[in-house]
Structures are given as C-alpha cells and as structure tokens.
>>> print(open('query.csv').read())   # CSV, C-alpha atoms
chain,number,residue,atom,x,y,z
F,1,MET,CA,-121.6,-31.7,11.6
F,2,LYS,CA,-118.1,-30.7,12.7
F,3,THR,CA,-116.1,-32.8,15.0
F,4,LYS,CA,-113.8,-31.5,17.8
F,5,LEU,CA,-110.8,-32.6,15.8
F,6,LEU,CA,-111.8,-30.6,12.8
F,7,ASP,CA,-112.4,-27.5,15.0
F,8,SER,CA,-109.0,-28.0,16.6
F,9,VAL,CA,-107.3,-27.7,13.2
F,10,GLU,CA,-109.5,-24.7,12.2
F,11,ASN,CA,-109.0,-22.9,15.4
F,12,LYS,CA,-105.3,-22.5,14.8
F,13,SER,CA,-106.2,-20.3,11.8
F,14,LEU,CA,-108.7,-18.2,13.7
F,15,LYS,CA,-107.7,-14.8,15.2
F,16,LYS,CA,-107.5,-14.7,19.0
F,17,THR,CA,-109.4,-11.5,19.2
F,18,VAL,CA,-111.6,-9.8,16.6
F,19,PRO,CA,-112.6,-6.2,17.2
F,20,TYR,CA,-116.2,-5.7,18.1
F,21,PHE,CA,-118.4,-4.1,15.4
F,22,GLU,CA,-122.0,-4.3,14.3
F,23,ILE,CA,-123.9,-4.1,11.1
F,24,GLY,CA,-124.3,-0.5,10.1
F,25,ASP,CA,-121.0,0.6,11.8
F,26,MET,CA,-118.5,2.6,9.8
F,27,VAL,CA,-115.1,0.8,9.9
F,28,ASP,CA,-111.6,1.2,8.6
F,29,VAL,CA,-110.2,-2.1,7.4
F,30,HIS,CA,-106.5,-2.3,7.3
F,31,CYS,CA,-105.6,-4.7,4.6
F,32,ARG,CA,-102.1,-6.0,3.8
F,33,ILE,CA,-101.4,-5.9,0.1
F,34,THR,CA,-98.4,-7.6,-1.7
F,35,GLU,CA,-97.3,-6.1,-4.9
F,36,GLY,CA,-94.3,-7.9,-6.3
F,37,ASN,CA,-92.1,-8.3,-3.3
F,38,LYS,CA,-93.3,-5.2,-1.5
F,39,THR,CA,-96.0,-5.3,1.1
F,40,ARG,CA,-98.0,-2.3,2.3
F,41,VAL,CA,-101.1,-1.7,4.3
F,42,GLN,CA,-104.1,-0.3,2.5
F,43,VAL,CA,-107.1,1.2,4.4
F,44,PHE,CA,-110.6,0.7,3.1
F,45,GLY,CA,-113.3,2.6,5.0
F,46,GLY,CA,-117.0,2.2,4.7
F,47,THR,CA,-120.2,0.9,6.2
F,48,VAL,CA,-120.6,-2.8,7.2
F,49,ILE,CA,-123.6,-4.0,5.4
F,50,ALA,CA,-123.4,-7.7,6.0
F,51,ARG,CA,-121.7,-10.3,8.1
F,52,LYS,CA,-122.0,-14.0,7.1
F,53,GLY,CA,-120.5,-17.4,7.7
F,54,ARG,CA,-119.1,-19.1,10.7
F,55,GLY,CA,-115.7,-19.9,12.0
F,56,ILE,CA,-113.0,-19.8,9.3
F,57,ASN,CA,-115.6,-18.9,6.7
F,58,GLU,CA,-116.9,-15.8,8.4
F,59,THR,CA,-116.8,-12.7,6.2
F,60,PHE,CA,-118.1,-9.2,6.3
F,61,THR,CA,-119.0,-6.8,3.5
F,62,VAL,CA,-118.0,-3.1,3.6
F,63,ARG,CA,-119.6,-0.6,1.3
F,64,ARG,CA,-118.6,2.9,0.4
F,65,VAL,CA,-119.3,5.3,-2.4
F,66,VAL,CA,-116.3,6.4,-4.4
F,67,ALA,CA,-116.9,9.1,-7.1
F,68,ASP,CA,-120.6,8.3,-7.3
F,69,GLU,CA,-119.9,4.7,-7.7
F,70,GLY,CA,-120.8,2.2,-5.0
F,71,VAL,CA,-117.9,-0.1,-4.1
F,72,GLU,CA,-118.2,-3.2,-2.0
F,73,ARG,CA,-115.4,-5.3,-0.6
F,74,ILE,CA,-115.8,-8.6,1.1
F,75,PHE,CA,-113.2,-9.4,3.8
F,76,PRO,CA,-112.6,-12.8,5.5
F,77,ILE,CA,-112.6,-11.8,9.2
F,78,ASN,CA,-109.8,-14.3,10.1
F,79,SER,CA,-107.5,-13.6,7.1
F,80,PRO,CA,-104.0,-12.7,8.2
F,81,ASN,CA,-104.1,-10.1,5.4
F,82,VAL,CA,-106.9,-8.2,7.3
F,83,VAL,CA,-104.5,-6.7,9.7
F,84,ASP,CA,-106.9,-4.5,11.7
F,85,ILE,CA,-110.6,-3.6,11.7
F,86,ARG,CA,-111.1,-0.2,13.4
F,87,PRO,CA,-114.7,0.8,14.1
F,88,VAL,CA,-115.0,4.6,13.5
F,89,ARG,CA,-118.6,5.4,14.0
F,90,SER,CA,-121.5,3.3,15.0
F,91,GLY,CA,-124.6,3.3,12.9
F,92,LYS,CA,-128.2,2.3,13.8
F,93,ALA,CA,-129.5,-0.6,11.7
F,94,ARG,CA,-132.7,-2.5,12.1
F,95,ARG,CA,-131.8,-5.4,10.0
F,96,ALA,CA,-128.9,-7.8,9.6
F,97,LYS,CA,-128.2,-7.2,5.9
F,98,LEU,CA,-128.3,-3.6,4.7
F,99,TYR,CA,-128.6,-4.4,1.0
F,100,TYR,CA,-131.2,-1.6,0.7
F,101,LEU,CA,-128.3,0.9,0.8
F,102,ARG,CA,-127.4,-0.2,-2.7
F,103,ASP,CA,-130.6,1.5,-4.0
F,104,ARG,CA,-129.9,4.7,-2.2
F,105,THR,CA,-127.7,7.6,-3.1
F,106,GLY,CA,-126.5,10.8,-1.5
F,107,LYS,CA,-127.9,11.6,1.9
F,108,GLY,CA,-130.0,8.4,1.9
F,109,VAL,CA,-127.1,6.2,2.7
F,110,ARG,CA,-126.5,7.8,6.1
F,111,LEU,CA,-127.4,5.8,9.1
F,112,SER,CA,-128.2,7.5,12.4
F,113,HIS,CA,-125.8,7.2,15.3
F,114,ARG,CA,-126.5,4.3,17.5
F,115,HIS,CA,-126.9,5.2,21.2
F,116,SER,CA,-126.1,2.0,23.0
F,117,GLU,CA,-123.5,0.5,25.1
F,118,HIS,CA,-121.7,-0.6,22.0
F,119,THR,CA,-121.3,3.0,20.7
F,120,VAL,CA,-117.9,3.5,19.2
F,121,SER,CA,-116.2,6.4,20.7
F,122,LYS,CA,-114.0,8.2,18.2
Y,1,MET,CA,-91.3,-44.8,2.7
Y,2,VAL,CA,-93.7,-44.6,5.7
Y,3,MET,CA,-97.2,-45.7,5.9
Y,4,LEU,CA,-100.0,-45.3,8.4
Y,5,LEU,CA,-103.7,-46.2,8.6
Y,6,GLY,CA,-106.3,-43.7,9.6
Y,7,LYS,CA,-109.7,-42.2,9.3
Y,8,LYS,CA,-110.9,-39.3,7.3
Y,9,ILE,CA,-112.3,-36.7,9.7
Y,10,GLY,CA,-113.4,-34.0,7.3
Y,11,MET,CA,-112.5,-31.0,5.3
Y,12,THR,CA,-111.9,-27.4,6.3
Y,13,GLN,CA,-109.6,-24.5,5.4
Y,14,VAL,CA,-106.5,-23.0,6.9
Y,15,TYR,CA,-104.4,-19.9,6.2
Y,16,ASP,CA,-100.8,-20.4,5.3
Y,17,ALA,CA,-97.9,-18.2,6.1
Y,18,SER,CA,-98.5,-15.9,3.2
Y,19,GLY,CA,-102.1,-15.3,4.2
Y,20,ARG,CA,-103.5,-17.5,1.4
Y,21,ILE,CA,-106.3,-19.9,2.3
Y,22,THR,CA,-105.8,-23.6,1.6
Y,23,THR,CA,-108.4,-26.3,1.4
Y,24,VAL,CA,-107.4,-29.2,3.6
Y,25,THR,CA,-108.5,-32.6,4.7
Y,26,VAL,CA,-108.0,-33.6,8.3
Y,27,LEU,CA,-107.0,-37.2,8.8
Y,28,GLN,CA,-106.7,-39.0,12.1
Y,29,ALA,CA,-103.7,-41.3,11.5
Y,30,GLY,CA,-102.8,-44.0,13.9
Y,31,PRO,CA,-101.4,-44.8,16.3
Y,32,CYS,CA,-101.1,-48.1,14.5
Y,33,LYS,CA,-99.9,-51.3,16.0
Y,34,VAL,CA,-97.5,-53.5,14.1
Y,35,MET,CA,-99.5,-56.8,14.0
Y,36,GLN,CA,-97.0,-58.9,12.2
Y,37,VAL,CA,-93.7,-58.5,10.4
Y,38,LYS,CA,-93.4,-60.6,7.3
Y,39,ASN,CA,-89.9,-61.4,5.9
Y,40,LYS,CA,-88.5,-62.9,2.7
Y,41,LYS,CA,-87.5,-66.2,4.4
Y,42,THR,CA,-90.8,-67.3,6.0
Y,43,ASP,CA,-93.4,-65.4,3.9
Y,44,GLY,CA,-91.7,-64.9,0.6
Y,45,TYR,CA,-91.7,-61.1,0.8
Y,46,ASN,CA,-91.0,-58.3,3.2
Y,47,ALA,CA,-93.9,-56.4,4.7
Y,48,VAL,CA,-95.3,-54.9,7.9
Y,49,GLN,CA,-98.9,-55.6,8.8
Y,50,LEU,CA,-100.4,-52.5,10.5
Y,51,GLY,CA,-103.7,-52.4,12.5
Y,52,PHE,CA,-105.9,-49.5,13.3
Y,53,HIS,CA,-109.0,-49.1,15.4
Y,54,ASP,CA,-109.8,-51.7,18.1
Y,55,VAL,CA,-112.6,-54.2,17.5
Y,56,LYS,CA,-114.9,-54.0,20.5
Y,57,GLU,CA,-114.7,-56.8,22.9
Y,58,SER,CA,-118.0,-58.6,22.1
Y,59,ARG,CA,-117.1,-58.7,18.4
Y,60,ARG,CA,-113.6,-60.2,18.7
Y,61,ARG,CA,-113.2,-63.6,17.0
Y,62,LYS,CA,-110.8,-66.1,18.5
Y,63,PRO,CA,-108.6,-66.5,15.5
Y,64,GLU,CA,-108.2,-62.8,15.2
Y,65,ALA,CA,-107.5,-62.5,18.9
Y,66,GLY,CA,-104.9,-65.2,18.6
Y,67,HIS,CA,-103.2,-63.4,15.8
Y,68,ALA,CA,-103.3,-60.1,17.6
Y,69,ALA,CA,-102.0,-61.7,20.8
Y,70,LYS,CA,-98.7,-62.4,19.1
Y,71,ALA,CA,-98.3,-58.6,18.8
Y,72,ASN,CA,-99.5,-58.2,22.4
Y,73,THR,CA,-102.6,-56.3,21.3
Y,74,VAL,CA,-106.3,-56.7,20.5
Y,75,PRO,CA,-107.9,-57.4,17.0
Y,76,LYS,CA,-108.1,-54.3,14.8
Y,77,LYS,CA,-110.9,-53.3,12.4
Y,78,PHE,CA,-108.6,-52.0,9.7
Y,79,VAL,CA,-105.6,-54.1,8.9
Y,80,ARG,CA,-103.4,-53.4,5.9
Y,81,GLU,CA,-99.9,-54.4,4.8
Y,82,TRP,CA,-97.0,-52.0,4.3
Y,83,ARG,CA,-95.1,-53.7,1.6
Y,84,LEU,CA,-91.3,-53.3,1.6
Y,85,ALA,CA,-88.7,-54.0,-1.0
Y,86,ASP,CA,-86.9,-57.4,-1.0
Y,87,ASP,CA,-83.6,-55.9,0.2
Y,88,THR,CA,-85.0,-53.7,3.0
Y,89,PRO,CA,-86.2,-55.8,6.0
Y,90,ALA,CA,-88.5,-54.0,8.4
Y,91,GLU,CA,-87.1,-51.8,11.0
Y,92,VAL,CA,-90.0,-52.4,13.4
Y,93,SER,CA,-91.1,-55.5,15.2
Y,94,ALA,CA,-94.5,-56.9,16.1
Y,95,GLY,CA,-96.2,-55.0,18.9
Y,96,ASP,CA,-94.5,-51.7,18.1
Y,97,GLU,CA,-96.5,-48.6,17.7
Y,98,VAL,CA,-96.3,-46.3,14.6
Y,99,THR,CA,-97.5,-42.7,15.1
Y,100,VAL,CA,-97.8,-39.6,13.0
Y,101,SER,CA,-94.3,-38.6,14.1
Y,102,ALA,CA,-93.0,-41.0,11.4
Y,103,PHE,CA,-94.2,-38.4,8.9
Y,104,ALA,CA,-92.1,-35.6,10.5
Y,105,ASP,CA,-89.8,-35.1,7.5
Y,106,VAL,CA,-92.3,-36.0,4.8
Y,107,ALA,CA,-93.4,-33.3,2.4
Y,108,TYR,CA,-95.9,-35.1,0.2
Y,109,VAL,CA,-98.3,-38.0,0.8
Y,110,ASP,CA,-100.5,-40.4,-1.2
Y,111,VAL,CA,-103.9,-41.3,0.3
Y,112,ALA,CA,-105.9,-44.4,-0.6
Y,113,GLY,CA,-109.5,-45.1,0.4
Y,114,THR,CA,-112.8,-46.3,-0.9
Y,115,SER,CA,-114.6,-43.6,-2.9
Y,116,LYS,CA,-118.2,-42.6,-2.2
Y,117,GLY,CA,-120.7,-44.8,-4.1
Y,118,LYS,CA,-122.5,-42.9,-6.8
Y,119,GLY,CA,-125.0,-45.6,-7.7
Y,120,TYR,CA,-125.9,-46.4,-11.3
Y,121,ALA,CA,-124.5,-43.5,-13.3
Y,122,GLY,CA,-124.7,-42.6,-17.0
Y,123,VAL,CA,-121.7,-42.2,-19.3
Y,124,MET,CA,-121.5,-38.4,-18.9
Y,125,LYS,CA,-121.0,-38.6,-15.2
Y,126,ARG,CA,-119.1,-41.9,-15.1
Y,127,HIS,CA,-116.7,-41.5,-18.0
Y,128,GLY,CA,-116.9,-37.8,-18.8
Y,129,PHE,CA,-118.6,-38.3,-22.2
Y,130,GLY,CA,-119.7,-35.1,-24.0
Y,131,GLY,CA,-123.4,-36.0,-24.6
Y,132,PHE,CA,-125.4,-34.5,-27.4
Y,133,PRO,CA,-126.6,-30.9,-28.0
Y,134,GLY,CA,-129.6,-29.6,-26.1
Y,135,SER,CA,-131.3,-28.6,-29.4
Y,136,HIS,CA,-130.6,-28.5,-33.1
Y,137,GLY,CA,-132.8,-31.5,-33.7
Y,138,THR,CA,-131.6,-33.7,-30.9
Y,139,GLU,CA,-134.4,-35.8,-29.5
Y,140,ARG,CA,-134.5,-38.0,-26.4
Y,141,LYS,CA,-130.7,-38.7,-26.4
Y,142,HIS,CA,-129.1,-35.6,-24.8
Y,143,ARG,CA,-127.0,-37.6,-22.4
Y,144,ALA,CA,-126.7,-40.8,-24.4
Y,145,GLY,CA,-123.3,-42.4,-25.1
Y,146,GLY,CA,-123.7,-42.6,-28.9
Y,147,SER,CA,-122.7,-45.6,-31.0
Y,148,ILE,CA,-121.0,-48.4,-29.2
Y,149,ALA,CA,-119.6,-50.1,-32.2
Y,150,SER,CA,-119.7,-50.4,-36.0
Y,151,TYR,CA,-119.0,-53.0,-38.6
Y,152,SER,CA,-115.4,-51.9,-38.9
Y,153,SER,CA,-114.6,-51.4,-35.2
Y,154,ASP,CA,-116.4,-54.7,-34.5
Y,155,ARG,CA,-114.3,-56.9,-36.8
Y,156,GLY,CA,-112.4,-59.7,-35.0
Y,157,HIS,CA,-114.8,-59.6,-32.0
Y,158,GLY,CA,-117.2,-62.1,-33.4
Y,159,GLY,CA,-120.3,-60.1,-33.0
Y,160,ASN,CA,-119.4,-59.0,-29.5
Y,161,LEU,CA,-118.4,-55.6,-28.2
Y,162,LYS,CA,-114.9,-54.7,-27.5
Y,163,LYS,CA,-114.0,-55.6,-23.9
Y,164,GLY,CA,-113.9,-52.6,-21.6
Y,165,LYS,CA,-116.3,-50.5,-23.7
Y,166,ARG,CA,-117.2,-47.6,-21.5
Y,167,MET,CA,-120.9,-47.6,-20.7
Y,168,ALA,CA,-123.4,-46.7,-17.9
Y,169,GLY,CA,-123.2,-48.6,-14.7
Y,170,ARG,CA,-122.2,-48.6,-11.0
Y,171,MET,CA,-119.9,-45.8,-10.2
Y,172,GLY,CA,-117.8,-45.2,-7.1
Y,173,GLY,CA,-117.3,-47.4,-4.1
Y,174,VAL,CA,-113.9,-48.5,-5.4
Y,175,ARG,CA,-110.4,-48.1,-4.2
Y,176,VAL,CA,-109.0,-44.8,-5.2
Y,177,THR,CA,-105.5,-43.3,-4.5
Y,178,THR,CA,-105.0,-39.6,-4.7
Y,179,LYS,CA,-101.3,-38.7,-5.0
Y,180,ASN,CA,-98.9,-36.0,-3.9
Y,181,HIS,CA,-101.0,-34.1,-1.3
Y,182,VAL,CA,-98.9,-31.4,0.4
Y,183,LEU,CA,-98.6,-32.4,4.0
Y,184,VAL,CA,-99.7,-29.1,5.6
Y,185,SER,CA,-99.3,-29.9,9.3
Y,186,ILE,CA,-99.0,-32.6,11.9
Y,187,ASP,CA,-100.6,-32.6,15.3
Y,188,GLU,CA,-98.8,-35.2,17.4
Y,189,SER,CA,-100.9,-34.8,20.5
Y,190,GLN,CA,-104.1,-35.6,18.6
Y,191,ASN,CA,-102.6,-37.9,15.9
Y,192,LEU,CA,-103.7,-35.7,13.1
Y,193,LEU,CA,-102.3,-35.2,9.6
Y,194,VAL,CA,-103.6,-32.2,7.7
Y,195,VAL,CA,-103.2,-32.6,3.9
Y,196,LYS,CA,-104.0,-30.3,1.1
Y,197,GLY,CA,-106.9,-31.1,-1.2
Y,198,ALA,CA,-109.6,-33.8,-1.1
Y,199,VAL,CA,-109.1,-37.5,-0.4
Y,200,PRO,CA,-111.3,-40.4,-1.4
Y,201,GLY,CA,-114.3,-41.5,0.6
Y,202,ALA,CA,-116.8,-40.1,3.1
Y,203,SER,CA,-115.9,-38.5,6.4
Y,204,GLY,CA,-115.3,-41.3,8.9
Y,205,SER,CA,-114.1,-43.8,6.4
Y,206,PHE,CA,-110.7,-45.6,6.7
Y,207,VAL,CA,-107.8,-44.5,4.6
Y,208,GLU,CA,-104.2,-45.6,4.0
Y,209,ILE,CA,-101.6,-42.8,4.1
Y,210,ARG,CA,-98.2,-43.2,2.5
Y,211,SER,CA,-95.3,-40.9,1.9
Y,212,ALA,CA,-95.6,-40.0,-1.8
Y,213,ARG,CA,-94.2,-42.7,-4.1
Y,214,LYS,CA,-93.4,-40.5,-7.0
Y,215,SER,CA,-91.9,-37.2,-6.0
Y,216,ARG,CA,-93.5,-34.1,-7.6
Y,217,ALA,CA,-91.5,-32.5,-10.4
>>> encode(input="query.csv", output="structure tokens")
Amino acid sequence: MKTKLLDSVENKSLKKTVPYFEIGDMVDVHCRITEGNKTRVQVFGGTVIARKGRGINETFTVRRVVADEGVERIFPINSPNVVDIRPVRSGKARRAKLYYLRDRTGKGVRLSHRHSEHTVSK
Amino acid sequence: MVMLLGKKIGMTQVYDASGRITTVTVLQAGPCKVMQVKNKKTDGYNAVQLGFHDVKESRRRKPEAGHAAKANTVPKKFVREWRLADDTPAEVSAGDEVTVSAFADVAYVDVAGTSKGKGYAGVMKRHGFGGFPGSHGTERKHRAGGSIASYSSDRGHGGNLKKGKRMAGRMGGVRVTTKNHVLVSIDESQNLLVVKGAVPGASGSFVEIRSARKSRA
C-alpha cells in the first residue's frame, strides 16, 4: 500500500503529460543519449507490444524488425531521457500484450489500422 | 551535527538531474519537540532530549505528562537523546521545535532504527556462512555450519566453546545504523526527508536521523 506522502515524492518525478498511445500503435520514441560529454537524441520507431507497471515504474516495450532481426526496447515512460513519444500510426490489437508478434515474420507482423476516436492522424 | 526523530514511510524511486533513476527511502522527520536540555553541570553531560509523535490522551501517564509539561508540550511516543560534546552546550532550549529545515545544508545522513525480525535463522542467512555442496557426497548438512571447535581451538576454554561463536539463532529486531545515505531532497511543507538507499526497519517504524558522523571519502 502506498501512502499519500510516498506518492507526493514520486509524483515530482512523473511527467506532467504523457502522449496518448495504445498497444499496437506505431510510435517514434525520441531518446536522449549521452556519449562522453555529448548528448544527442536518437529515434527508435516500432510497434508498442506491451505496457506494464504503475506510476514511476511504468514502462512500455517497442518492437521493430531490423535486418531480419527482431529488436525490442523497453522504455520507462517517465524517464527524462525519453524526450518524446510520437504516435505515428494506430494499430488494431485485441489483446494487451502482443508477444505473439515475436513468432511472426514478414507480412505477418502488420496490424490493421484502428478506426476509432483514438486514431492517430499522421 | 543535527539530529531528528522520524518515521519510515516507505521506498520508491526518483529520477535525478542526469535522468538516472535512484532508489530512495522516504522518511517523515519531525517536527520534534525539545523535551529537555541536559548540561554538564546538572546532568554530567551535554545532550538534547527530542520527542516525536504525541501519545494519545487516554494513554498519557502523569509522570510523563509532568516531564513534558516542563517543555510546554504533551508526552511523546518516541524520545531519544541527541548527545553533544562536552564543550558544545545546546543551542536550543526546552519547548523549541526542530524541523527538517535543520538539514538544509547537510549532504549525507546516518539513519538508525530497529531492523525487521527474521525469526530463528540458520548460519547461512544469519552470518553468511558458505554451507556445503549440493552434491558430491554431501548428505543432510547442506546448510550446516560445520565444526564449531576442535581440540586445538578449544584449549584454554575448559571444555566450553569460544564466546561469541557464530551459530543459528534469533536474527533481526536489533538496532542497526546505516551510514552515509545521500540526502536527495527535503520537503519542508510535509516534513519529509528523502534519502538514497534502504534504511533499517519496516515501513511505519521509528528511526533516528543524524547528519553523517564520518564524512564520505
């Protein structure tokens, strides 16, 4: 159980607004990377296949296929290093965790466009 | 040195300026009442007696109430002394309030509390013994402590074990001090101290918080 006092400390580390996206959406994650004393922003684009955790521990998993090799990255939603999350295309998913995409290749990984009020307009 | 009494609220994580996540413990510290100021002349040593957490009215005993009345307050559940060196008399007087703002220019803190009771624990858990192999002929003594003495190590003890021989027994529930926690942030409006790392005891238990005695190298 979390107390109000604990939440008040945690809330300072939470982002004020988090872009809306759903499981199955294609997103571009803008990630701040520090190499030595230089920082730059790297973009990782892919399908959101999972979102788990609450509050400060909330993370989401983005999967993409690079050179026939599946790559997954897990981002903490509230990390200051995740500068921006831009939904690119909404995808229709009937479950909360799309781990079945790991077993698919080629055309099988495509998700149909979601036609709902949350549809991301490009 | 500064000292405060408080309560462990629980643990969480925060992001620091560089975007790195830090595991922290949230402590509700004070405000503490100065119940009594002891000095070299009348008490033989210098100290400040701090009190935290009011005792509810029906549970207040008259002797405690009388003691607290001298500091113009009510009896406290958690009372501890803040010992001062002989040549530094206290800068506060009875009835004063000490709050987290006393920690404003403190970088590291020590936290003392009562550790969680672990019950009757074996030597591997209690003292970090290595135990015995899982196989290669080991039978029925995988977590045993091994020999506790021999003829040569026993000499001079008159047939008794060496005192303090580490064996199985009650673990936890004792006073533990964790040192040199980084003081991450202070919330003066809610009397919170946020320190890096874990502190002894369960959430809700009382703790003593001091500015670090030995500075970190």
>>> interface_residues(input="query.csv", of="chain Y", to="chain F", cutoff="12 Å", atoms="only C-alpha atoms", output="PyMOL selection string")
chain Y and resi 7-28+184-187+189-195+203-204
>>> atom_distance(input="query.csv", atom1="atom CA of Val176 of chain Y", atom2="atom CA of Tyr120 of chain Y")
18.0 Å
>>> atom_distance(input="query.csv", atom1="atom CA of Asp28 of chain F", atom2="atom CA of Lys97 of chain F")
18.8 Å
>>> residues_near_point(input="query.csv", point="(-118.9, -11.2, 3.0)", cutoff="6 Å", atoms="only C-alpha atoms", output="PyMOL selection string")
chain F and resi 51-52+59-61+74
>>> closest_residue(input="query.csv", among="F:Val41, F:Val71, F:Leu111, F:Val27", to="Lys92 of chain F", atoms="only C-alpha atoms")
F:Leu111
>>> residues_near_point(input="query.csv", point="(-121.4, -1.5, 6.1)", cutoff="6 Å", atoms="only C-alpha atoms", output="CSV table (one decimal) with C-alpha atoms, in the frame of the given file")
chain,number,residue,atom,x,y,z
F,24,GLY,CA,-124.3,-0.5,10.1
F,46,GLY,CA,-117.0,2.2,4.7
F,47,THR,CA,-120.2,0.9,6.2
F,48,VAL,CA,-120.6,-2.8,7.2
F,49,ILE,CA,-123.6,-4.0,5.4
F,62,VAL,CA,-118.0,-3.1,3.6
F,63,ARG,CA,-119.6,-0.6,1.3
>>> closest_residue(input="query.csv", among="F:Phe75, F:Ile23, F:Glu69, F:Glu58", to="Phe44 of chain F", atoms="only C-alpha atoms")
F:Phe75
>>> atom_distance(input="query.csv", atom1="atom CA of Thr39 of chain F", atom2="atom CA of Lys15 of chain F")
20.6 Å
>>> closest_residue(input="query.csv", among="F:Arg54, F:Ile77, F:Asp103, F:Met26", to="Ser90 of chain F", atoms="all atoms listed in the file")
F:Met26
>>> build_atoms(input="query.csv", residues="segment 11-19 of chain F", atoms="all heavy atoms", output="mmCIF file, keeping the file's coordinate frame")
data_model
loop_
_atom_site.group_PDB
_atom_site.id
_atom_site.type_symbol
_atom_site.label_atom_id
_atom_site.label_comp_id
_atom_site.auth_asym_id
_atom_site.auth_seq_id
_atom_site.Cartn_x
_atom_site.Cartn_y
_atom_site.Cartn_z
ATOM 1 N N ASN F 11 -109.226 -23.914 14.433
ATOM 2 C CA ASN F 11 -109.000 -22.900 15.400
ATOM 3 C C ASN F 11 -107.627 -22.253 15.368
ATOM 4 O O ASN F 11 -107.430 -21.107 15.761
ATOM 5 C CB ASN F 11 -109.280 -23.399 16.833
ATOM 6 C CG ASN F 11 -110.747 -23.627 17.073
ATOM 7 O OD1 ASN F 11 -111.573 -23.094 16.339
ATOM 8 N ND2 ASN F 11 -111.086 -24.421 18.066
ATOM 9 N N LYS F 12 -106.658 -23.017 14.859
ATOM 10 C CA LYS F 12 -105.300 -22.500 14.800
ATOM 11 C C LYS F 12 -105.235 -21.345 13.745
ATOM 12 O O LYS F 12 -104.363 -20.492 13.819
ATOM 13 C CB LYS F 12 -104.327 -23.584 14.342
ATOM 14 C CG LYS F 12 -104.001 -24.517 15.469
ATOM 15 C CD LYS F 12 -103.098 -25.630 14.993
ATOM 16 C CE LYS F 12 -103.146 -26.793 15.971
ATOM 17 N NZ LYS F 12 -102.737 -28.028 15.331
ATOM 18 N N SER F 13 -106.160 -21.341 12.792
ATOM 19 C CA SER F 13 -106.200 -20.300 11.800
ATOM 20 C C SER F 13 -107.047 -19.111 12.182
ATOM 21 O O SER F 13 -107.089 -18.103 11.496
ATOM 22 C CB SER F 13 -106.661 -20.835 10.445
ATOM 23 O OG SER F 13 -105.613 -21.483 9.775
ATOM 24 N N LEU F 14 -107.770 -19.249 13.286
ATOM 25 C CA LEU F 14 -108.700 -18.200 13.700
ATOM 26 C C LEU F 14 -107.863 -17.132 14.496
ATOM 27 O O LEU F 14 -106.886 -17.454 15.163
ATOM 28 C CB LEU F 14 -109.797 -18.700 14.572
ATOM 29 C CG LEU F 14 -110.748 -19.692 13.925
ATOM 30 C CD1 LEU F 14 -111.864 -20.058 14.894
ATOM 31 C CD2 LEU F 14 -111.331 -19.149 12.651
ATOM 32 N N LYS F 15 -108.335 -15.886 14.438
ATOM 33 C CA LYS F 15 -107.700 -14.800 15.200
ATOM 34 C C LYS F 15 -108.091 -14.952 16.676
ATOM 35 O O LYS F 15 -109.212 -15.333 16.985
ATOM 36 C CB LYS F 15 -108.070 -13.470 14.670
ATOM 37 C CG LYS F 15 -107.367 -13.142 13.384
ATOM 38 C CD LYS F 15 -107.793 -11.815 12.838
ATOM 39 C CE LYS F 15 -107.083 -11.556 11.530
ATOM 40 N NZ LYS F 15 -107.682 -10.433 10.797
ATOM 41 N N LYS F 16 -107.165 -14.587 17.546
ATOM 42 C CA LYS F 16 -107.500 -14.700 19.000
ATOM 43 C C LYS F 16 -108.559 -13.676 19.359
ATOM 44 O O LYS F 16 -109.497 -13.995 20.067
ATOM 45 C CB LYS F 16 -106.193 -14.368 19.786
ATOM 46 C CG LYS F 16 -105.076 -15.373 19.560
ATOM 47 C CD LYS F 16 -105.280 -16.628 20.392
ATOM 48 C CE LYS F 16 -104.172 -17.631 20.173
ATOM 49 N NZ LYS F 16 -104.111 -18.126 18.778
ATOM 50 N N THR F 17 -108.403 -12.464 18.874
ATOM 51 C CA THR F 17 -109.400 -11.500 19.200
ATOM 52 C C THR F 17 -109.814 -10.758 17.883
ATOM 53 O O THR F 17 -108.961 -10.438 17.062
ATOM 54 C CB THR F 17 -108.884 -10.395 20.151
ATOM 55 O OG1 THR F 17 -107.666 -9.869 19.631
ATOM 56 C CG2 THR F 17 -108.652 -10.958 21.531
ATOM 57 N N VAL F 18 -111.094 -10.549 17.721
ATOM 58 C CA VAL F 18 -111.600 -9.800 16.600
ATOM 59 C C VAL F 18 -112.287 -8.559 17.154
ATOM 60 O O VAL F 18 -113.081 -8.676 18.092
ATOM 61 C CB VAL F 18 -112.602 -10.657 15.778
ATOM 62 C CG1 VAL F 18 -113.230 -9.839 14.666
ATOM 63 C CG2 VAL F 18 -111.901 -11.870 15.205
ATOM 64 N N PRO F 19 -111.966 -7.372 16.659
ATOM 65 C CA PRO F 19 -112.600 -6.200 17.200
ATOM 66 C C PRO F 19 -114.109 -6.250 17.083
ATOM 67 O O PRO F 19 -114.645 -6.798 16.119
ATOM 68 C CB PRO F 19 -112.039 -5.051 16.295
ATOM 69 C CG PRO F 19 -110.838 -5.618 15.670
ATOM 70 C CD PRO F 19 -111.033 -7.084 15.574
#
